[in-house]
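The structure file work-v9.cif is reproduced below (mmCIF, C-alpha atoms and all ligand atoms; chains and numbers go by the auth columns).
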```cif
data_query
#
loop_
_atom_site.group_PDB
_atom_site.id
_atom_site.type_symbol
_atom_site.label_atom_id
_atom_site.label_comp_id
_atom_site.label_asym_id
_atom_site.label_seq_id
_atom_site.Cartn_x
_atom_site.Cartn_y
_atom_site.Cartn_z
_atom_site.B_iso_or_equiv
_atom_site.auth_seq_id
_atom_site.auth_asym_id
ATOM 1 C CA MET A 1 18.509 -3.704 -2.062 0.00 1 A
ATOM 2 C CA LYS A 2 15.090 -2.067 -2.285 0.00 2 A
ATOM 3 C CA ILE A 3 13.322 -1.803 1.052 0.00 3 A
ATOM 4 C CA PHE A 4 10.320 -3.798 -0.180 0.00 4 A
ATOM 5 C CA ASN A 5 12.677 -6.602 -1.256 0.00 5 A
ATOM 6 C CA TYR A 6 14.345 -6.429 2.154 0.00 6 A
ATOM 7 C CA ILE A 7 10.948 -6.879 3.853 0.00 7 A
ATOM 8 C CA GLN A 8 10.252 -9.874 1.597 0.00 8 A
ATOM 9 C CA GLU A 9 13.651 -11.377 2.421 0.00 9 A
ATOM 10 C CA VAL A 10 13.006 -10.925 6.142 0.00 10 A
ATOM 11 C CA TYR A 11 9.657 -12.661 6.149 0.00 11 A
ATOM 12 C CA ARG A 12 10.845 -15.447 3.870 0.00 12 A
ATOM 13 C CA GLN A 13 13.767 -16.157 6.164 0.00 13 A
ATOM 14 C CA LYS A 14 12.426 -15.297 9.621 0.00 14 A
ATOM 15 C CA GLY A 15 8.689 -16.029 9.220 0.00 15 A
ATOM 16 C CA ALA A 16 7.671 -12.375 9.600 0.00 16 A
ATOM 17 C CA ALA A 17 9.250 -8.950 9.911 0.00 17 A
ATOM 18 C CA TYR A 18 9.052 -6.860 13.065 0.00 18 A
ATOM 19 C CA PHE A 19 8.933 -3.075 12.718 0.00 19 A
ATOM 20 C CA LEU A 20 8.660 -0.601 15.549 0.00 20 A
ATOM 21 C CA LEU A 21 6.493 2.473 14.969 0.00 21 A
ATOM 22 C CA ILE A 22 7.978 5.651 16.406 0.00 22 A
ATOM 23 C CA ASP A 23 5.912 8.764 16.878 0.00 23 A
ATOM 24 C CA PRO A 24 8.266 11.790 16.996 0.00 24 A
ATOM 25 C CA ASP A 25 5.731 13.512 19.280 0.00 25 A
ATOM 26 C CA LYS A 26 6.247 10.843 21.932 0.00 26 A
ATOM 27 C CA THR A 27 9.815 9.599 21.502 0.00 27 A
ATOM 28 C CA SER A 28 12.852 11.802 20.880 0.00 28 A
ATOM 29 C CA GLY A 29 16.287 12.687 22.246 0.00 29 A
ATOM 30 C CA GLU A 30 17.841 10.289 24.749 0.00 30 A
ATOM 31 C CA LYS A 31 14.704 8.139 24.954 0.00 31 A
ATOM 32 C CA LEU A 32 14.792 7.663 21.168 0.00 32 A
ATOM 33 C CA ARG A 33 18.494 6.712 21.224 0.00 33 A
ATOM 34 C CA LYS A 34 17.828 4.181 23.965 0.00 34 A
ATOM 35 C CA LEU A 35 14.847 2.728 22.093 0.00 35 A
ATOM 36 C CA ILE A 36 16.878 2.298 18.896 0.00 36 A
ATOM 37 C CA ASP A 37 19.781 0.770 20.797 0.00 37 A
ATOM 38 C CA VAL A 38 17.534 -1.791 22.520 0.00 38 A
ATOM 39 C CA SER A 39 15.741 -2.489 19.219 0.00 39 A
ATOM 40 C CA ILE A 40 18.964 -3.271 17.379 0.00 40 A
ATOM 41 C CA LYS A 41 20.086 -5.634 20.139 0.00 41 A
ATOM 42 C CA SER A 42 16.629 -7.227 20.085 0.00 42 A
ATOM 43 C CA GLU A 43 16.697 -7.977 16.308 0.00 43 A
ATOM 44 C CA VAL A 44 13.985 -5.522 15.293 0.00 44 A
ATOM 45 C CA ASP A 45 13.995 -5.427 11.469 0.00 45 A
ATOM 46 C CA GLY A 46 13.288 -1.740 10.918 0.00 46 A
ATOM 47 C CA PHE A 47 11.351 1.342 11.914 0.00 47 A
ATOM 48 C CA LEU A 48 8.207 3.127 10.819 0.00 48 A
ATOM 49 C CA ILE A 49 8.076 6.829 11.612 0.00 49 A
ATOM 50 C CA GLY A 50 5.001 9.056 11.668 0.00 50 A
ATOM 51 C CA GLY A 51 1.329 8.734 12.457 0.00 51 A
ATOM 52 C CA SER A 52 -2.155 10.063 11.823 0.00 52 A
ATOM 53 C CA LEU A 53 -1.432 13.367 13.548 0.00 53 A
ATOM 54 C CA MET A 54 1.844 15.153 14.291 0.00 54 A
ATOM 55 C CA PHE A 55 1.490 17.555 17.155 0.00 55 A
ATOM 56 C CA GLY A 56 4.864 19.149 17.637 0.00 56 A
ATOM 57 C CA GLY A 57 7.435 16.409 17.005 0.00 57 A
ATOM 58 C CA ASP A 58 10.293 16.924 14.537 0.00 58 A
ATOM 59 C CA LEU A 59 10.084 14.237 11.842 0.00 59 A
ATOM 60 C CA ASP A 60 13.370 15.163 10.105 0.00 60 A
ATOM 61 C CA LEU A 61 15.265 15.217 13.393 0.00 61 A
ATOM 62 C CA CYS A 62 13.788 11.864 14.395 0.00 62 A
ATOM 63 C CA LEU A 63 14.827 10.321 11.059 0.00 63 A
ATOM 64 C CA THR A 64 18.348 11.733 11.111 0.00 64 A
ATOM 65 C CA ASP A 65 18.848 10.718 14.747 0.00 65 A
ATOM 66 C CA ILE A 66 17.871 7.135 13.895 0.00 66 A
ATOM 67 C CA LYS A 67 20.039 7.047 10.761 0.00 67 A
ATOM 68 C CA LYS A 68 23.060 8.101 12.844 0.00 68 A
ATOM 69 C CA ILE A 69 22.715 4.965 14.959 0.00 69 A
ATOM 70 C CA THR A 70 21.539 2.229 12.593 0.00 70 A
ATOM 71 C CA ASN A 71 21.394 1.210 8.951 0.00 71 A
ATOM 72 C CA LYS A 72 18.161 -0.732 9.498 0.00 72 A
ATOM 73 C CA PRO A 73 15.441 0.570 7.142 0.00 73 A
ATOM 74 C CA VAL A 74 13.561 3.656 8.263 0.00 74 A
ATOM 75 C CA ILE A 75 10.185 3.975 6.555 0.00 75 A
ATOM 76 C CA ILE A 76 7.778 6.881 6.799 0.00 76 A
ATOM 77 C CA PHE A 77 4.262 5.947 7.890 0.00 77 A
ATOM 78 C CA PRO A 78 2.591 9.168 6.768 0.00 78 A
ATOM 79 C CA GLY A 79 -0.619 10.646 8.078 0.00 79 A
ATOM 80 C CA SER A 80 -0.498 13.262 5.327 0.00 80 A
ATOM 81 C CA VAL A 81 1.691 14.825 2.637 0.00 81 A
ATOM 82 C CA SER A 82 3.325 16.997 5.308 0.00 82 A
ATOM 83 C CA GLN A 83 5.130 13.879 6.539 0.00 83 A
ATOM 84 C CA VAL A 84 7.239 13.282 3.427 0.00 84 A
ATOM 85 C CA SER A 85 10.928 13.651 4.286 0.00 85 A
ATOM 86 C CA LYS A 86 14.121 13.199 2.281 0.00 86 A
ATOM 87 C CA PHE A 87 15.808 11.547 5.263 0.00 87 A
ATOM 88 C CA ALA A 88 13.813 8.305 5.035 0.00 88 A
ATOM 89 C CA ASP A 89 14.705 5.177 3.046 0.00 89 A
ATOM 90 C CA ALA A 90 11.147 4.522 1.952 0.00 90 A
ATOM 91 C CA LEU A 91 7.568 5.561 2.541 0.00 91 A
ATOM 92 C CA LEU A 92 4.420 3.469 2.870 0.00 92 A
ATOM 93 C CA PHE A 93 2.375 4.978 0.041 0.00 93 A
ATOM 94 C CA LEU A 94 -0.871 4.373 1.900 0.00 94 A
ATOM 95 C CA SER A 95 -4.273 4.498 0.288 0.00 95 A
ATOM 96 C CA LEU A 96 -7.166 4.213 2.744 0.00 96 A
ATOM 97 C CA ILE A 97 -9.055 1.531 0.845 0.00 97 A
ATOM 98 C CA SER A 98 -11.480 0.717 3.674 0.00 98 A
ATOM 99 C CA GLY A 99 -12.815 4.284 3.381 0.00 99 A
ATOM 100 C CA ARG A 100 -14.630 6.064 0.602 0.00 100 A
ATOM 101 C CA ASN A 101 -12.963 9.415 1.088 0.00 101 A
ATOM 102 C CA ALA A 102 -11.384 10.438 -2.246 0.00 102 A
ATOM 103 C CA HIS A 103 -8.750 12.581 -0.571 0.00 103 A
ATOM 104 C CA GLN A 104 -7.368 9.610 1.410 0.00 104 A
ATOM 105 C CA LEU A 105 -7.689 7.284 -1.581 0.00 105 A
ATOM 106 C CA ILE A 106 -5.838 9.418 -4.151 0.00 106 A
ATOM 107 C CA GLY A 107 -5.823 13.142 -3.252 0.00 107 A
ATOM 108 C CA GLU A 108 -2.852 13.188 -0.852 0.00 108 A
ATOM 109 C CA HIS A 109 -0.979 10.877 -3.229 0.00 109 A
ATOM 110 C CA VAL A 110 -1.137 13.346 -6.112 0.00 110 A
ATOM 111 C CA LEU A 111 0.342 16.018 -3.852 0.00 111 A
ATOM 112 C CA ALA A 112 3.000 13.681 -2.439 0.00 112 A
ATOM 113 C CA ALA A 113 4.134 11.952 -5.654 0.00 113 A
ATOM 114 C CA PRO A 114 6.320 14.791 -7.064 0.00 114 A
ATOM 115 C CA ILE A 115 7.975 15.271 -3.652 0.00 115 A
ATOM 116 C CA ILE A 116 8.735 11.557 -3.348 0.00 116 A
ATOM 117 C CA LYS A 117 10.229 11.592 -6.855 0.00 117 A
ATOM 118 C CA LYS A 118 12.335 14.674 -6.078 0.00 118 A
ATOM 119 C CA TYR A 119 13.699 13.122 -2.875 0.00 119 A
ATOM 120 C CA GLY A 120 14.306 9.721 -4.498 0.00 120 A
ATOM 121 C CA ILE A 121 12.761 7.756 -1.643 0.00 121 A
ATOM 122 C CA GLU A 122 11.117 4.407 -2.347 0.00 122 A
ATOM 123 C CA PRO A 123 7.300 4.391 -2.272 0.00 123 A
ATOM 124 C CA ILE A 124 5.814 1.071 -1.147 0.00 124 A
ATOM 125 C CA SER A 125 2.261 0.941 -2.470 0.00 125 A
ATOM 126 C CA THR A 126 0.105 -0.180 0.459 0.00 126 A
ATOM 127 C CA GLY A 127 -3.629 -0.621 0.822 0.00 127 A
ATOM 128 C CA TYR A 128 -4.584 0.644 4.271 0.00 128 A
ATOM 129 C CA ILE A 129 -7.556 -1.111 5.874 0.00 129 A
ATOM 130 C CA LEU A 130 -8.931 0.209 9.151 0.00 130 A
ATOM 131 C CA VAL A 131 -10.636 -2.403 11.295 0.00 131 A
ATOM 132 C CA GLU A 132 -13.077 -1.615 14.101 0.00 132 A
ATOM 133 C CA SER A 133 -11.238 -2.039 17.405 0.00 133 A
ATOM 134 C CA GLY A 134 -13.583 -1.292 20.290 0.00 134 A
ATOM 135 C CA GLY A 135 -13.250 2.491 20.449 0.00 135 A
ATOM 136 C CA LYS A 136 -12.612 5.484 18.218 0.00 136 A
ATOM 137 C CA THR A 137 -8.933 5.699 17.241 0.00 137 A
ATOM 138 C CA THR A 138 -7.056 8.770 16.031 0.00 138 A
ATOM 139 C CA ALA A 139 -6.696 7.131 12.591 0.00 139 A
ATOM 140 C CA GLU A 140 -10.461 6.707 12.342 0.00 140 A
ATOM 141 C CA TYR A 141 -11.231 10.224 13.541 0.00 141 A
ATOM 142 C CA ILE A 142 -8.630 11.997 11.388 0.00 142 A
ATOM 143 C CA SER A 143 -9.442 10.000 8.251 0.00 143 A
ATOM 144 C CA ASN A 144 -13.174 10.559 8.789 0.00 144 A
ATOM 145 C CA SER A 145 -13.827 7.025 7.582 0.00 145 A
ATOM 146 C CA MET A 146 -15.753 4.043 8.817 0.00 146 A
ATOM 147 C CA PRO A 147 -13.625 1.028 9.803 0.00 147 A
ATOM 148 C CA ILE A 148 -14.551 -2.476 8.641 0.00 148 A
ATOM 149 C CA PRO A 149 -16.604 -4.266 11.334 0.00 149 A
ATOM 150 C CA ARG A 150 -14.595 -6.872 13.305 0.00 150 A
ATOM 151 C CA ASN A 151 -17.059 -9.621 12.435 0.00 151 A
ATOM 152 C CA LYS A 152 -16.911 -9.018 8.678 0.00 152 A
ATOM 153 C CA PRO A 153 -13.660 -10.649 7.519 0.00 153 A
ATOM 154 C CA GLU A 154 -15.134 -11.189 4.076 0.00 154 A
ATOM 155 C CA ILE A 155 -15.295 -7.413 3.527 0.00 155 A
ATOM 156 C CA ALA A 156 -11.643 -7.088 4.570 0.00 156 A
ATOM 157 C CA ALA A 157 -10.652 -10.035 2.351 0.00 157 A
ATOM 158 C CA SER A 158 -12.449 -8.625 -0.696 0.00 158 A
ATOM 159 C CA THR A 159 -10.879 -5.218 -0.061 0.00 159 A
ATOM 160 C CA ALA A 160 -7.395 -6.759 0.169 0.00 160 A
ATOM 161 C CA LEU A 161 -7.962 -8.729 -3.032 0.00 161 A
ATOM 162 C CA ALA A 162 -9.019 -5.525 -4.778 0.00 162 A
ATOM 163 C CA ALA A 163 -5.745 -3.952 -3.556 0.00 163 A
ATOM 164 C CA LYS A 164 -3.822 -6.826 -5.080 0.00 164 A
ATOM 165 C CA TYR A 165 -5.662 -6.501 -8.390 0.00 165 A
ATOM 166 C CA LEU A 166 -4.917 -2.762 -8.346 0.00 166 A
ATOM 167 C CA GLY A 167 -1.219 -3.666 -8.174 0.00 167 A
ATOM 168 C CA MET A 168 -0.532 -2.692 -4.564 0.00 168 A
ATOM 169 C CA GLN A 169 2.511 -4.323 -2.954 0.00 169 A
ATOM 170 C CA MET A 170 1.170 -4.799 0.580 0.00 170 A
ATOM 171 C CA VAL A 171 -1.953 -4.410 2.692 0.00 171 A
ATOM 172 C CA TYR A 172 -1.905 -2.941 6.196 0.00 172 A
ATOM 173 C CA LEU A 173 -4.633 -4.368 8.454 0.00 173 A
ATOM 174 C CA GLU A 174 -4.862 -1.664 11.081 0.00 174 A
ATOM 175 C CA ALA A 175 -6.783 -1.562 14.354 0.00 175 A
ATOM 176 C CA GLY A 176 -5.376 1.950 15.003 0.00 176 A
ATOM 177 C CA SER A 177 -2.664 3.089 17.364 0.00 177 A
ATOM 178 C CA GLY A 178 -3.547 2.363 20.976 0.00 178 A
ATOM 179 C CA ALA A 179 -6.523 0.225 19.931 0.00 179 A
ATOM 180 C CA ILE A 180 -8.392 -1.586 22.702 0.00 180 A
ATOM 181 C CA ASN A 181 -8.505 -4.767 20.589 0.00 181 A
ATOM 182 C CA SER A 182 -6.050 -5.800 17.895 0.00 182 A
ATOM 183 C CA VAL A 183 -7.270 -7.095 14.521 0.00 183 A
ATOM 184 C CA PRO A 184 -9.014 -10.480 15.076 0.00 184 A
ATOM 185 C CA ASN A 185 -6.764 -13.467 14.278 0.00 185 A
ATOM 186 C CA GLU A 186 -9.578 -15.000 12.248 0.00 186 A
ATOM 187 C CA MET A 187 -9.719 -11.900 10.055 0.00 187 A
ATOM 188 C CA VAL A 188 -5.931 -12.027 9.505 0.00 188 A
ATOM 189 C CA LYS A 189 -6.246 -15.695 8.531 0.00 189 A
ATOM 190 C CA ILE A 190 -9.083 -15.184 6.057 0.00 190 A
ATOM 191 C CA VAL A 191 -7.604 -12.024 4.498 0.00 191 A
ATOM 192 C CA SER A 192 -4.134 -13.520 4.043 0.00 192 A
ATOM 193 C CA SER A 193 -5.281 -16.823 2.567 0.00 193 A
ATOM 194 C CA TYR A 194 -7.921 -15.272 0.313 0.00 194 A
ATOM 195 C CA SER A 195 -6.013 -12.284 -1.039 0.00 195 A
ATOM 196 C CA GLU A 196 -2.459 -13.732 -0.985 0.00 196 A
ATOM 197 C CA ILE A 197 -1.012 -10.232 -0.629 0.00 197 A
ATOM 198 C CA PRO A 198 1.653 -9.671 2.073 0.00 198 A
ATOM 199 C CA LEU A 199 -0.089 -8.373 5.183 0.00 199 A
ATOM 200 C CA ILE A 200 1.169 -5.842 7.701 0.00 200 A
ATOM 201 C CA VAL A 201 -0.799 -6.093 10.952 0.00 201 A
ATOM 202 C CA GLY A 202 -0.738 -3.462 13.680 0.00 202 A
ATOM 203 C CA GLY A 203 -2.720 -1.584 16.269 0.00 203 A
ATOM 204 C CA GLY A 204 -3.313 -2.648 19.859 0.00 204 A
ATOM 205 C CA ILE A 205 -0.764 -5.484 19.942 0.00 205 A
ATOM 206 C CA LYS A 206 0.407 -5.541 23.563 0.00 206 A
ATOM 207 C CA THR A 207 1.811 -9.035 24.107 0.00 207 A
ATOM 208 C CA PRO A 208 4.291 -11.312 22.293 0.00 208 A
ATOM 209 C CA GLU A 209 1.556 -13.991 22.221 0.00 209 A
ATOM 210 C CA ASP A 210 -0.805 -11.701 20.332 0.00 210 A
ATOM 211 C CA ALA A 211 1.989 -10.823 17.880 0.00 211 A
ATOM 212 C CA TYR A 212 2.773 -14.536 17.416 0.00 212 A
ATOM 213 C CA ASN A 213 -0.899 -15.324 16.775 0.00 213 A
ATOM 214 C CA LYS A 214 -1.006 -12.737 14.009 0.00 214 A
ATOM 215 C CA VAL A 215 2.046 -14.324 12.356 0.00 215 A
ATOM 216 C CA VAL A 216 0.691 -17.875 12.492 0.00 216 A
ATOM 217 C CA SER A 217 -2.567 -16.490 11.085 0.00 217 A
ATOM 218 C CA GLY A 218 -0.647 -15.205 8.056 0.00 218 A
ATOM 219 C CA ALA A 219 0.776 -11.733 8.841 0.00 219 A
ATOM 220 C CA LYS A 220 4.102 -11.026 7.158 0.00 220 A
ATOM 221 C CA MET A 221 4.961 -7.913 9.135 0.00 221 A
ATOM 222 C CA ILE A 222 3.993 -6.871 12.650 0.00 222 A
ATOM 223 C CA VAL A 223 4.039 -3.290 13.881 0.00 223 A
ATOM 224 C CA THR A 224 3.947 -2.171 17.507 0.00 224 A
ATOM 225 C CA GLY A 225 4.028 1.448 18.596 0.00 225 A
ATOM 226 C CA ASN A 226 2.235 2.542 21.733 0.00 226 A
ATOM 227 C CA TYR A 227 3.489 -0.240 23.981 0.00 227 A
ATOM 228 C CA PHE A 228 7.097 0.846 23.548 0.00 228 A
ATOM 229 C CA GLU A 229 6.450 4.500 24.200 0.00 229 A
ATOM 230 C CA LYS A 230 7.003 3.546 27.857 0.00 230 A
ATOM 231 C CA GLU A 231 10.646 3.016 28.757 0.00 231 A
ATOM 232 C CA GLU A 232 9.803 0.408 31.377 0.00 232 A
ATOM 233 C CA ASN A 233 8.594 -1.860 28.545 0.00 233 A
ATOM 234 C CA PHE A 234 11.785 -1.623 26.424 0.00 234 A
ATOM 235 C CA ASP A 235 13.160 -4.887 27.863 0.00 235 A
ATOM 236 C CA LEU A 236 10.253 -6.759 26.309 0.00 236 A
ATOM 237 C CA ILE A 237 11.116 -5.794 22.713 0.00 237 A
ATOM 238 C CA LYS A 238 13.273 -8.929 22.376 0.00 238 A
ATOM 239 C CA GLU A 239 10.335 -11.095 23.487 0.00 239 A
ATOM 240 C CA PHE A 240 8.163 -9.612 20.754 0.00 240 A
ATOM 241 C CA ALA A 241 10.941 -10.116 18.170 0.00 241 A
ATOM 242 C CA LYS A 242 11.386 -13.764 19.201 0.00 242 A
ATOM 243 C CA ALA A 243 7.634 -14.399 18.992 0.00 243 A
ATOM 244 C CA ILE A 244 7.384 -12.762 15.547 0.00 244 A
ATOM 245 C CA HIS A 245 10.481 -14.415 14.056 0.00 245 A
ATOM 246 C CA THR A 246 8.894 -17.824 13.931 0.00 246 A
ATOM 247 C CA ASN A 247 11.625 -19.285 11.654 0.00 247 A
ATOM 248 C CA GLN A 248 14.471 -17.828 13.668 0.00 248 A
ATOM 249 C CA ASN A 249 17.514 -17.488 13.951 0.00 249 A
ATOM 250 C CA ARG A 250 18.893 -16.224 10.697 0.00 250 A
ATOM 251 C CA THR A 251 20.277 -12.765 10.126 0.00 251 A
ATOM 252 C CA ILE A 252 19.185 -10.797 7.088 0.00 252 A
ATOM 253 C CA ILE A 253 21.875 -9.057 5.127 0.00 253 A
ATOM 254 C CA THR A 254 20.760 -5.758 3.543 0.00 254 A
HETATM 255 C C1 LIG B . -0.496 2.085 14.522 0.00 1 B
HETATM 256 O O1 LIG B . -0.357 -0.167 13.840 0.00 1 B
HETATM 257 C C2 LIG B . 0.324 0.844 14.492 0.00 1 B
HETATM 258 O O2 LIG B . -0.701 2.590 13.284 0.00 1 B
HETATM 259 C C3 LIG B . 0.784 0.470 15.871 0.00 1 B
HETATM 260 O O3 LIG B . -0.275 0.442 16.793 0.00 1 B
HETATM 261 O O4 LIG B . 0.579 1.910 18.606 0.00 1 B
HETATM 262 O O5 LIG B . -1.319 0.319 19.036 0.00 1 B
HETATM 263 O O6 LIG B . 0.998 -0.539 18.712 0.00 1 B
HETATM 264 P P1 LIG B . 0.011 0.525 18.369 0.00 1 B
#
```

How does this structure look as structure tokens?
Amino acid sequence: MKIFNYIQEVYRQKGAAYFLLIDPDKTSGEKLRKLIDVSIKSEVDGFLIGGSLMFGGDLDLCLTDIKKITNKPVIIFPGSVSQVSKFADALLFLSLISGRNAHQLIGEHVLAAPIIKKYGIEPISTGYILVESGGKTTAEYISNSMPIPRNKPEIAASTALAAKYLGMQMVYLEAGSGAINSVPNEMVKIVSSYSEIPLIVGGGIKTPEDAYNKVVSGAKMIVTGNYFEKEENFDLIKEFAKAIHTNQNRTIIT
């Protein structure tokens, strides 16, 4: 089954999919193994690997370590072409559609496309929309782009609709990793109902209630990263999964 079809199956059956974002800079070795183990037991649906900036982490090692433990999908969440790896199942082929920087809209993609083809990994065409979140995030700084203001859901909705008309498979509404405020629920609601494209929502989600609110507002996939970089929070992964899987309790067969 293609990974995009798997994601669709998950949200059709469970209400929404829950993916954990792992930054190889922050989580590796024994801590990574423990995180994956707890995630599997907690019914996490898959993993995103990568980020806006890789400092010293080993992406290939992170991917192969995860693949040794689980057959849940492992998807690259690339900050740049340097984060394309043959060890992943798929890659979010992200175009920064909230920005007007040609390199982030199409430049990196031209460089990455032949590598993705050579490796045979599945690209999932995704419109990436940065939303203002109360402070400058790494994603905003590195992409050198202006996020959509929090109180302008109509701009986000029009951008998501444009992504749909361009043939993109998903839209990622992103507050940025470690954001002070997650994407407003009202914005999720308006964007999902207006554009009718499956929405990934992430950035700054720190409670199961916030994750749940995004799902009832229309998100089809929730991503958390930062919060589970601390081992003392690992026990709460199952609470997030329960909150996100609003149609529970059915198991998805890959
Ligand atoms: C970042 O949306 C993801 O790109 C996850 O954000 O690390 O804030 O959970 P957090």

At a cut-off of 6 Å and counting all atoms listed in the file, what residues surround ligand LIG 1 (chain B)? Please answer as an mmCIF file with C-alpha atoms, in the frame of the given file.
```cif
data_model
loop_
_atom_site.group_PDB
_atom_site.id
_atom_site.type_symbol
_atom_site.label_atom_id
_atom_site.label_comp_id
_atom_site.auth_asym_id
_atom_site.auth_seq_id
_atom_site.Cartn_x
_atom_site.Cartn_y
_atom_site.Cartn_z
ATOM 1 C CA GLU A 174 -4.862 -1.664 11.081
ATOM 2 C CA GLY A 176 -5.376 1.950 15.003
ATOM 3 C CA SER A 177 -2.664 3.089 17.364
ATOM 4 C CA GLY A 178 -3.547 2.363 20.976
ATOM 5 C CA ALA A 179 -6.523 0.225 19.931
ATOM 6 C CA GLY A 202 -0.738 -3.462 13.680
ATOM 7 C CA GLY A 203 -2.720 -1.584 16.269
ATOM 8 C CA GLY A 204 -3.313 -2.648 19.859
ATOM 9 C CA ILE A 205 -0.764 -5.484 19.942
ATOM 10 C CA VAL A 223 4.039 -3.290 13.881
ATOM 11 C CA THR A 224 3.947 -2.171 17.507
ATOM 12 C CA GLY A 225 4.028 1.448 18.596
ATOM 13 C CA ASN A 226 2.235 2.542 21.733
ATOM 14 C CA TYR A 227 3.489 -0.240 23.981
#
```

When you draw a straight line from atom CA of Gln8 of chain A to atom CA of Ile190 of chain A, how long is it in Å?
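Computing it gives 20.5 Å between the two atoms.
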
Check what the PyMOL selection byres (((chain A and resi 74-86) around 8) and not hetatm) selects in the file above and give those residues as a PyMOL selection string.
chain A and resi 46-53+59-60+63+66-67+72-73+87-94+108-109+111-112+115-116+119-121

Evaluating the PyMOL selection byres (((chain A and resi 13) around 8) and not hetatm) on the displayed file yields which residues, as a PyMOL selection string?
chain A and resi 9-12+14-16+247-248+250+252

Selection above as a file: C-alpha atoms, as a compact mmCIF listing (two decimals), in the coordinates of the input:
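Produced file out-v8.txt, reproduced below:
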```
# COMPACT_ATOMS: atom_id res chain seq x y z
CA GLU A 9 13.65 -11.38 2.42
CA VAL A 10 13.01 -10.92 6.14
CA TYR A 11 9.66 -12.66 6.15
CA ARG A 12 10.84 -15.45 3.87
CA LYS A 14 12.43 -15.30 9.62
CA GLY A 15 8.69 -16.03 9.22
CA ALA A 16 7.67 -12.38 9.60
CA ASN A 247 11.62 -19.28 11.65
CA GLN A 248 14.47 -17.83 13.67
CA ARG A 250 18.89 -16.22 10.70
CA ILE A 252 19.18 -10.80 7.09
```

One-decimal distance in Å that lies between atom CA of Ile129 of chain A and atom CA of Met168 of chain A:
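Between atom CA of Met168 of chain A and atom CA of Ile129 of chain A the gap works out to 12.7 Å.
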
Could you tell me how far atom CA of Met170 of chain A sits from atom CA of Lys220 of chain A, in Å to one decimal place?
9.5 Å

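Evaluated against this file, the PyMOL selection byres (((chain A and resi 195) around 7) and not hetatm) yields Ala157, Ala160, Leu161, Val191, Ser192, Ser193, Tyr194, Glu196 and Ile197 of chain A.
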
Of the candidates A:Asp210, A:Lys2, A:Gly135, A:Glu186, which shows the shortest atom-to-atom distance to Glu154 of chain A, using only C-alpha atoms?
A:Glu186
